>>> print(open('start_30.cif').read())   # mmCIF, C-alpha atoms
data_protein
#
loop_
_atom_site.group_PDB
_atom_site.id
_atom_site.type_symbol
_atom_site.label_atom_id
_atom_site.label_comp_id
_atom_site.auth_asym_id
_atom_site.auth_seq_id
_atom_site.Cartn_x
_atom_site.Cartn_y
_atom_site.Cartn_z
ATOM 1 C CA ARG A 1 0.000 0.000 0.000
ATOM 2 C CA PHE A 2 2.892 2.367 0.731
ATOM 3 C CA GLN A 3 4.443 1.898 -2.691
ATOM 4 C CA ALA A 4 1.104 2.035 -4.531
ATOM 5 C CA GLN A 5 0.673 5.616 -3.340
ATOM 6 C CA LEU A 6 4.068 6.625 -4.755
ATOM 7 C CA LEU A 7 3.408 5.325 -8.264
ATOM 8 C CA THR A 8 2.404 7.231 -11.359
ATOM 9 C CA GLY A 9 1.516 5.676 -14.686
ATOM 10 C CA ARG A 10 0.228 2.242 -15.587
ATOM 11 C CA THR A 11 1.845 -0.666 -13.736
ATOM 12 C CA GLN A 12 3.527 -3.054 -16.170
ATOM 13 C CA LYS A 13 5.776 -5.260 -14.049
ATOM 14 C CA VAL A 14 6.220 -6.093 -10.355
ATOM 15 C CA GLU A 15 9.374 -7.791 -9.082
ATOM 16 C CA VAL A 16 9.314 -9.102 -5.524
ATOM 17 C CA VAL A 17 12.817 -9.950 -4.311
ATOM 18 C CA TYR A 18 13.273 -11.990 -1.127
ATOM 19 C CA SER A 19 16.768 -11.805 0.364
ATOM 20 C CA GLY A 20 18.257 -13.628 3.334
ATOM 21 C CA GLU A 21 16.421 -15.971 5.683
ATOM 22 C CA ILE A 22 13.003 -15.306 4.135
ATOM 23 C CA ALA A 23 14.259 -16.633 0.794
ATOM 24 C CA ARG A 24 14.324 -20.116 2.322
ATOM 25 C CA GLU A 25 10.578 -20.012 3.013
ATOM 26 C CA ASP A 26 7.492 -20.492 0.830
ATOM 27 C CA VAL A 27 6.706 -16.858 0.013
ATOM 28 C CA THR A 28 3.803 -17.353 -2.371
ATOM 29 C CA LEU A 29 1.305 -15.801 0.044
ATOM 30 C CA VAL A 30 3.615 -12.857 0.675
ATOM 31 C CA THR A 31 3.830 -12.170 -3.061
ATOM 32 C CA THR A 32 0.025 -12.314 -3.219
ATOM 33 C CA ALA A 33 -0.140 -9.831 -0.312
ATOM 34 C CA VAL A 34 2.235 -7.511 -2.195
ATOM 35 C CA LEU A 35 -0.029 -7.643 -5.258
ATOM 36 C CA LYS A 36 -3.108 -6.958 -3.156
ATOM 37 C CA GLY A 37 -1.399 -3.994 -1.493
ATOM 38 C CA LEU A 38 -0.282 -2.547 -4.815
ATOM 39 C CA LEU A 39 -3.524 -3.052 -6.724
ATOM 40 C CA ASP A 40 -6.284 -2.484 -4.165
ATOM 41 C CA PRO A 41 -5.682 1.280 -3.658
ATOM 42 C CA ILE A 42 -5.595 2.049 -7.408
ATOM 43 C CA LEU A 43 -8.427 -0.062 -8.823
ATOM 44 C CA GLN A 44 -12.180 0.431 -8.689
ATOM 45 C CA ALA A 45 -12.774 -3.304 -8.282
ATOM 46 C CA LYS A 46 -12.094 -4.909 -4.913
ATOM 47 C CA VAL A 47 -8.805 -6.794 -4.833
ATOM 48 C CA ASN A 48 -8.383 -9.539 -2.243
ATOM 49 C CA PHE A 49 -5.941 -12.343 -1.433
ATOM 50 C CA VAL A 50 -7.838 -14.768 -3.654
ATOM 51 C CA ASN A 51 -8.124 -12.676 -6.816
ATOM 52 C CA ALA A 52 -4.948 -10.508 -6.664
ATOM 53 C CA PRO A 53 -2.810 -12.759 -8.959
ATOM 54 C CA LEU A 54 -5.675 -13.035 -11.468
ATOM 55 C CA VAL A 55 -6.328 -9.276 -11.430
ATOM 56 C CA ALA A 56 -2.624 -8.638 -12.094
ATOM 57 C CA LYS A 57 -2.645 -11.118 -14.985
ATOM 58 C CA GLU A 58 -5.841 -9.643 -16.481
ATOM 59 C CA ARG A 59 -4.274 -6.170 -16.377
ATOM 60 C CA GLY A 60 -1.171 -7.440 -18.194
ATOM 61 C CA ILE A 61 1.100 -6.954 -15.180
ATOM 62 C CA GLN A 62 4.089 -9.272 -15.244
ATOM 63 C CA VAL A 63 4.852 -10.621 -11.755
ATOM 64 C CA VAL A 64 8.349 -11.909 -11.003
ATOM 65 C CA GLN A 65 9.325 -13.540 -7.715
ATOM 66 C CA ILE A 66 13.068 -13.750 -6.981
ATOM 67 C CA LYS A 67 14.765 -15.498 -4.062
ATOM 68 C CA GLU A 68 18.322 -14.589 -3.059
ATOM 69 C CA ASP A 69 19.569 -16.807 -0.251
ATOM 70 C CA ARG A 70 22.028 -14.211 0.983
ATOM 71 C CA GLU A 71 21.732 -11.561 3.634
ATOM 72 C CA GLU A 72 21.641 -7.960 2.514
ATOM 73 C CA THR A 73 23.892 -5.646 4.472
ATOM 74 C CA GLY A 74 22.335 -5.102 7.864
ATOM 75 C CA TRP A 75 19.166 -7.184 7.498
ATOM 76 C CA ALA A 76 18.645 -10.893 8.110
ATOM 77 C CA SER A 77 15.630 -10.782 5.770
ATOM 78 C CA LEU A 78 14.629 -8.133 3.255
ATOM 79 C CA ILE A 79 11.650 -7.910 0.908
ATOM 80 C CA THR A 80 12.199 -5.537 -1.990
ATOM 81 C CA VAL A 81 9.416 -4.600 -4.398
ATOM 82 C CA ARG A 82 10.402 -3.056 -7.729
ATOM 83 C CA THR A 83 7.473 -1.690 -9.674
ATOM 84 C CA HIS A 84 7.864 -0.739 -13.326
ATOM 85 C CA THR A 85 5.216 1.631 -14.693
ATOM 86 C CA SER A 86 4.737 3.560 -17.926
ATOM 87 C CA GLU A 87 6.269 6.538 -16.054
ATOM 88 C CA GLY A 88 9.350 4.827 -14.589
ATOM 89 C CA GLU A 89 10.499 2.494 -11.836
ATOM 90 C CA HIS A 90 10.131 2.639 -8.055
ATOM 91 C CA MET A 91 11.630 0.411 -5.400
ATOM 92 C CA VAL A 92 10.681 -0.051 -1.748
ATOM 93 C CA GLY A 93 12.423 -2.442 0.636
ATOM 94 C CA GLY A 94 11.143 -3.579 3.996
ATOM 95 C CA THR A 95 12.118 -5.786 6.891
ATOM 96 C CA LEU A 96 11.135 -6.587 10.457
ATOM 97 C CA PHE A 97 13.080 -5.201 13.406
ATOM 98 C CA TYR A 98 13.136 -7.257 16.598
ATOM 99 C CA GLY A 99 11.047 -9.936 14.899
ATOM 100 C CA ASN A 100 7.755 -8.069 14.603
ATOM 101 C CA GLU A 101 8.296 -4.326 14.008
ATOM 102 C CA PRO A 102 7.844 -3.522 10.293
ATOM 103 C CA ARG A 103 10.211 -0.967 8.795
ATOM 104 C CA ILE A 104 10.692 0.529 5.368
ATOM 105 C CA VAL A 105 14.459 0.599 4.959
ATOM 106 C CA LEU A 106 14.906 1.435 1.261
ATOM 107 C CA ILE A 107 13.080 3.824 -1.054
ATOM 108 C CA ASP A 108 14.360 4.081 -4.624
ATOM 109 C CA GLY A 109 17.820 3.012 -3.483
ATOM 110 C CA TYR A 110 18.045 5.415 -0.530
ATOM 111 C CA ARG A 111 18.456 3.955 2.968
ATOM 112 C CA VAL A 112 15.863 5.100 5.487
ATOM 113 C CA ASP A 113 14.345 3.745 8.691
ATOM 114 C CA THR A 114 10.639 4.471 8.578
ATOM 115 C CA ILE A 115 7.709 2.966 10.457
ATOM 116 C CA PRO A 116 4.956 2.407 7.871
ATOM 117 C CA SER A 117 1.875 3.822 9.598
ATOM 118 C CA GLY A 118 -0.444 6.801 9.662
ATOM 119 C CA HIS A 119 0.090 9.834 7.447
ATOM 120 C CA MET A 120 3.423 10.236 5.695
ATOM 121 C CA LEU A 121 5.076 12.494 3.136
ATOM 122 C CA VAL A 122 7.728 11.223 0.727
ATOM 123 C CA ILE A 123 9.732 14.053 -0.814
ATOM 124 C CA PRO A 124 12.594 13.455 -3.275
ATOM 125 C CA HIS A 125 14.789 16.554 -3.305
ATOM 126 C CA THR A 126 18.257 17.993 -3.768
ATOM 127 C CA ASP A 127 20.457 17.610 -0.696
ATOM 128 C CA LYS A 128 21.058 21.280 0.129
ATOM 129 C CA PRO A 129 20.294 23.737 2.925
ATOM 130 C CA ARG A 130 16.849 25.298 3.542
ATOM 131 C CA ILE A 131 14.775 22.486 2.039
ATOM 132 C CA ILE A 132 13.968 20.585 5.237
ATOM 133 C CA GLY A 133 13.384 23.824 7.150
ATOM 134 C CA ARG A 134 10.987 25.149 4.506
ATOM 135 C CA VAL A 135 8.957 21.923 4.568
ATOM 136 C CA GLY A 136 8.783 22.069 8.373
ATOM 137 C CA THR A 137 7.717 25.725 8.281
ATOM 138 C CA LEU A 138 4.951 25.081 5.749
ATOM 139 C CA LEU A 139 3.613 22.181 7.822
ATOM 140 C CA GLY A 140 3.869 24.241 11.020
ATOM 141 C CA GLN A 141 1.855 27.045 9.426
ATOM 142 C CA GLN A 142 -0.958 24.515 8.974
ATOM 143 C CA ASP A 143 -0.553 23.333 12.589
ATOM 144 C CA ILE A 144 0.592 19.909 11.368
ATOM 145 C CA ASN A 145 2.967 18.207 13.769
ATOM 146 C CA ILE A 146 5.892 16.136 12.471
ATOM 147 C CA ALA A 147 6.136 12.884 14.455
ATOM 148 C CA PHE A 148 9.439 11.787 12.888
ATOM 149 C CA MET A 149 11.596 12.442 9.864
ATOM 150 C CA GLN A 150 14.212 10.487 7.948
ATOM 151 C CA VAL A 151 16.500 11.664 5.174
ATOM 152 C CA GLY A 152 18.359 9.278 2.923
ATOM 153 C CA ARG A 153 21.128 10.384 0.592
ATOM 154 C CA LYS A 154 23.937 8.784 -1.339
ATOM 155 C CA VAL A 155 26.280 11.756 -1.825
ATOM 156 C CA ILE A 156 26.492 15.236 -0.339
ATOM 157 C CA GLY A 157 24.676 17.708 -2.565
ATOM 158 C CA GLY A 158 23.089 15.022 -4.752
ATOM 159 C CA ARG A 159 19.564 13.677 -4.818
ATOM 160 C CA ALA A 160 18.053 12.669 -1.510
ATOM 161 C CA ILE A 161 14.728 11.515 -0.124
ATOM 162 C CA MET A 162 12.876 12.882 2.897
ATOM 163 C CA VAL A 163 10.203 10.839 4.664
ATOM 164 C CA LEU A 164 8.050 12.538 7.275
ATOM 165 C CA SER A 165 5.415 11.023 9.512
ATOM 166 C CA VAL A 166 2.790 13.622 10.406
ATOM 167 C CA ASP A 167 -0.062 13.557 12.906
ATOM 168 C CA SER A 168 -2.778 14.567 10.421
ATOM 169 C CA PRO A 169 -3.404 14.638 6.664
ATOM 170 C CA VAL A 170 -1.708 17.445 4.749
ATOM 171 C CA PRO A 171 -4.094 19.615 2.677
ATOM 172 C CA GLU A 172 -3.617 19.568 -1.103
ATOM 173 C CA GLU A 173 -2.760 23.279 -1.181
ATOM 174 C CA THR A 174 0.062 22.704 1.321
ATOM 175 C CA LEU A 175 1.372 19.787 -0.741
ATOM 176 C CA ALA A 176 1.329 22.054 -3.802
ATOM 177 C CA GLU A 177 3.210 24.774 -1.892
ATOM 178 C CA ILE A 178 5.856 22.269 -0.760
ATOM 179 C CA ALA A 179 6.215 20.996 -4.342
ATOM 180 C CA LYS A 180 6.974 24.544 -5.583
ATOM 181 C CA GLY A 181 10.119 24.713 -3.458
ATOM 182 C CA ASP A 182 13.502 25.039 -5.119
ATOM 183 C CA GLY A 183 15.148 21.614 -5.154
ATOM 184 C CA ILE A 184 11.930 19.643 -4.544
ATOM 185 C CA PHE A 185 11.314 17.037 -7.264
ATOM 186 C CA ASP A 186 7.982 15.637 -6.049
ATOM 187 C CA VAL A 187 5.738 15.337 -3.008
ATOM 188 C CA LYS A 188 3.627 12.250 -2.327
ATOM 189 C CA GLN A 189 1.283 11.818 0.604
ATOM 190 C CA VAL A 190 0.892 8.238 1.856
ATOM 191 C CA THR A 191 -1.844 7.146 4.252
ATOM 192 C CA LEU A 192 -1.702 3.702 5.849
#
>>> encode(input="start_30.cif", output="structure tokens")
Amino acid sequence: RFQAQLLTGRTQKVEVVYSGEIAREDVTLVTTAVLKGLLDPILQAKVNFVNAPLVAKERGIQVVQIKEDREETGWASLITVRTHTSEGEHMVGGTLFYGNEPRIVLIDGYRVDTIPSGHMLVIPHTDKPRIIGRVGTLLGQQDINIAFMQVGRKVIGGRAIMVLSVDSPVPEETLAEIAKGDGIFDVKQVTL
């Protein structure tokens, strides 16, 4: 559901990659759950655990399940979902901390540590001063509290991704104002 709200364009292919300990398990039901989570928020028809693979097939979505029996750096098990759409590719990786605490740890190749719950903003941007502060100011002007924030980057001054958990939904006009900021590439609101 998290990744479905980041996508634009028509979904063409979904790759679900299981790395580490989870790759030794039967993950068929997990792949079905991924399909349900991706398709249910974007389709008019109800998608459930029974019909999700059929709905994907009927829509011409190629589904690929990959198992890599090796641990990714830092995680005993990692599930990575790569979604290819007519507009591009997105990747989200998740794991469990302490056995039962879900975390999103990768978004489009950037390392983060995000609890997938509530209202969230995902903001790809240029890694430079005054971007984070401006976003915080705009949210504060709407009396929207930031519960936590993560920033992932690969190099200083390059592209980065900001993930904010907020206590209430962000109005469309505030999202539009954030998106106008210098160095902001996109703003997506995710509700789980």
>>> atom_distance(input="start_30.cif", atom1="CA of Met149 (chain A)", atom2="CA of Val163 (chain A)")
5.6 Å
>>> closest_residue(input="start_30.cif", among="A:Met120, A:Lys128, A:Phe49, A:Val170", to="Ala147 (chain A)", atoms="only C-alpha atoms")
A:Met120
>>> resolve_selection(input="start_30.cif", expression="the PyMOL selection byres ((chain A and resi 142) around 12)", output="list in words")
Val135, Gly136, Thr137, Leu138, Leu139, Gly140, Gln141, Asp143, Ile144, Asn145, Ile146, Val166, Asp167, Ser168, Pro169, Val170, Pro171, Glu172, Glu173, Thr174, Leu175 and Glu177 of chain A
>>> residues_around(input="start_30.cif", residues="region 9-11 of chain A", least_positions_apart="5", cutoff="12 Å", atoms="only C-alpha atoms", output="ChimeraX atom specification")
/A:3-4,35,38-39,42-43,56-57,59-63,82-90
>>> closest_residue(input="start_30.cif", among="A:Arg111, A:Arg1, A:Lys36, A:Lys188", to="Pro124 (chain A)", atoms="all atoms listed in the file")
A:Lys188
>>> closest_atom_pairs(input="start_30.cif", of="region 67-186 of chain A", to="region 15-29 of chain A", cutoff="8 Å", atoms="all atoms listed in the file", output="JSON lines")
{"residue": "A:Lys67", "atom": "CA", "partner": "A:Tyr18", "partner_atom": "CA", "distance": 4.8}
{"residue": "A:Glu68", "atom": "CA", "partner": "A:Ser19", "partner_atom": "CA", "distance": 4.7}
{"residue": "A:Asp69", "atom": "CA", "partner": "A:Gly20", "partner_atom": "CA", "distance": 5.0}
{"residue": "A:Arg70", "atom": "CA", "partner": "A:Gly20", "partner_atom": "CA", "distance": 4.5}
{"residue": "A:Glu71", "atom": "CA", "partner": "A:Gly20", "partner_atom": "CA", "distance": 4.1}
{"residue": "A:Glu72", "atom": "CA", "partner": "A:Ser19", "partner_atom": "CA", "distance": 6.6}
{"residue": "A:Trp75", "atom": "CA", "partner": "A:Gly20", "partner_atom": "CA", "distance": 7.7}
{"residue": "A:Ala76", "atom": "CA", "partner": "A:Gly20", "partner_atom": "CA", "distance": 5.5}
{"residue": "A:Ser77", "atom": "CA", "partner": "A:Gly20", "partner_atom": "CA", "distance": 4.6}
{"residue": "A:Leu78", "atom": "CA", "partner": "A:Ser19", "partner_atom": "CA", "distance": 5.1}
{"residue": "A:Ile79", "atom": "CA", "partner": "A:Tyr18", "partner_atom": "CA", "distance": 4.8}
{"residue": "A:Thr80", "atom": "CA", "partner": "A:Val17", "partner_atom": "CA", "distance": 5.0}
{"residue": "A:Val81", "atom": "CA", "partner": "A:Val16", "partner_atom": "CA", "distance": 4.6}
{"residue": "A:Arg82", "atom": "CA", "partner": "A:Glu15", "partner_atom": "CA", "distance": 5.0}
{"residue": "A:Thr83", "atom": "CA", "partner": "A:Glu15", "partner_atom": "CA", "distance": 6.4}
>>> write_last_selection(input="start_30.cif", atoms="C-alpha atoms", output="short mmCIF file (atom, residue, chain, number, x, y, z; two decimals), in the frame of the given file")
data_model
loop_
_atom_site.label_atom_id
_atom_site.label_comp_id
_atom_site.auth_asym_id
_atom_site.auth_seq_id
_atom_site.Cartn_x
_atom_site.Cartn_y
_atom_site.Cartn_z
CA LYS A 67 14.76 -15.50 -4.06
CA GLU A 68 18.32 -14.59 -3.06
CA ASP A 69 19.57 -16.81 -0.25
CA ARG A 70 22.03 -14.21 0.98
CA GLU A 71 21.73 -11.56 3.63
CA GLU A 72 21.64 -7.96 2.51
CA TRP A 75 19.17 -7.18 7.50
CA ALA A 76 18.64 -10.89 8.11
CA SER A 77 15.63 -10.78 5.77
CA LEU A 78 14.63 -8.13 3.26
CA ILE A 79 11.65 -7.91 0.91
CA THR A 80 12.20 -5.54 -1.99
CA VAL A 81 9.42 -4.60 -4.40
CA ARG A 82 10.40 -3.06 -7.73
CA THR A 83 7.47 -1.69 -9.67
#
>>> atom_distance(input="start_30.cif", atom1="CA of Leu192 (chain A)", atom2="CA of Ser117 (chain A)")
5.2 Å
>>> residues_around(input="start_30.cif", residues="Ile156 (chain A)", least_positions_apart="2", cutoff="10 Å", atoms="all atoms listed in the file", output="ChimeraX atom specification")
/A:126-128,153-154,158-160
>>> build_atoms(input="start_30.cif", residues="region 160-171 of chain A", atoms="all heavy atoms", output="short mmCIF file (atom, residue, chain, number, x, y, z; two decimals), in the frame of the given file")
data_model
loop_
_atom_site.label_atom_id
_atom_site.label_comp_id
_atom_site.auth_asym_id
_atom_site.auth_seq_id
_atom_site.Cartn_x
_atom_site.Cartn_y
_atom_site.Cartn_z
N ALA A 160 18.33 13.26 -2.81
CA ALA A 160 18.05 12.67 -1.51
C ALA A 160 16.56 12.41 -1.41
O ALA A 160 15.78 12.83 -2.29
CB ALA A 160 18.51 13.62 -0.39
N ILE A 161 16.15 11.74 -0.36
CA ILE A 161 14.73 11.52 -0.12
C ILE A 161 14.42 11.81 1.34
O ILE A 161 15.18 11.43 2.22
CB ILE A 161 14.30 10.09 -0.54
CG1 ILE A 161 12.80 10.02 -0.67
CG2 ILE A 161 14.82 9.05 0.41
CD1 ILE A 161 12.32 8.94 -1.60
N MET A 162 13.33 12.53 1.56
CA MET A 162 12.88 12.88 2.90
C MET A 162 11.56 12.16 3.13
O MET A 162 10.68 12.17 2.27
CB MET A 162 12.66 14.41 2.97
CG MET A 162 12.15 14.92 4.26
SD MET A 162 11.74 16.73 4.26
CE MET A 162 12.64 17.43 2.91
N VAL A 163 11.44 11.51 4.29
CA VAL A 163 10.20 10.84 4.66
C VAL A 163 9.78 11.41 6.01
O VAL A 163 10.54 11.37 6.97
CB VAL A 163 10.38 9.31 4.77
CG1 VAL A 163 9.06 8.64 5.10
CG2 VAL A 163 10.97 8.74 3.49
N LEU A 164 8.57 11.96 6.04
CA LEU A 164 8.05 12.54 7.28
C LEU A 164 6.79 11.81 7.68
O LEU A 164 5.94 11.52 6.84
CB LEU A 164 7.69 14.02 7.08
CG LEU A 164 8.84 14.93 6.74
CD1 LEU A 164 8.74 15.34 5.30
CD2 LEU A 164 8.80 16.13 7.63
N SER A 165 6.66 11.52 8.96
CA SER A 165 5.42 11.02 9.51
C SER A 165 4.76 12.21 10.19
O SER A 165 5.39 12.90 11.00
CB SER A 165 5.68 9.91 10.52
OG SER A 165 4.48 9.50 11.13
N VAL A 166 3.50 12.47 9.85
CA VAL A 166 2.79 13.62 10.41
C VAL A 166 1.54 13.15 11.12
O VAL A 166 1.01 12.07 10.84
CB VAL A 166 2.45 14.66 9.31
CG1 VAL A 166 3.73 15.31 8.78
CG2 VAL A 166 1.66 14.05 8.17
N ASP A 167 1.06 13.97 12.07
CA ASP A 167 -0.06 13.56 12.91
C ASP A 167 -1.42 13.70 12.24
O ASP A 167 -2.41 13.20 12.78
CB ASP A 167 -0.05 14.36 14.22
CG ASP A 167 1.12 13.97 15.11
OD1 ASP A 167 1.70 12.89 14.89
OD2 ASP A 167 1.45 14.75 16.02
N SER A 168 -1.50 14.39 11.11
CA SER A 168 -2.78 14.57 10.42
C SER A 168 -2.53 14.70 8.93
O SER A 168 -1.41 14.99 8.50
CB SER A 168 -3.50 15.80 10.98
OG SER A 168 -2.68 16.95 10.86
N PRO A 169 -3.58 14.50 8.11
CA PRO A 169 -3.40 14.64 6.66
C PRO A 169 -2.97 16.05 6.30
O PRO A 169 -3.33 17.02 6.95
CB PRO A 169 -4.80 14.34 6.10
CG PRO A 169 -5.53 13.64 7.19
CD PRO A 169 -4.94 14.10 8.48
N VAL A 170 -2.19 16.16 5.23
CA VAL A 170 -1.71 17.44 4.75
C VAL A 170 -2.63 17.90 3.62
O VAL A 170 -2.85 17.17 2.66
CB VAL A 170 -0.25 17.34 4.25
CG1 VAL A 170 0.24 18.68 3.72
CG2 VAL A 170 0.65 16.83 5.37
N PRO A 171 -3.20 19.12 3.73
CA PRO A 171 -4.09 19.61 2.68
C PRO A 171 -3.38 19.71 1.32
O PRO A 171 -2.17 19.97 1.26
CB PRO A 171 -4.50 21.01 3.17
CG PRO A 171 -4.18 21.03 4.63
CD PRO A 171 -3.05 20.07 4.83
#
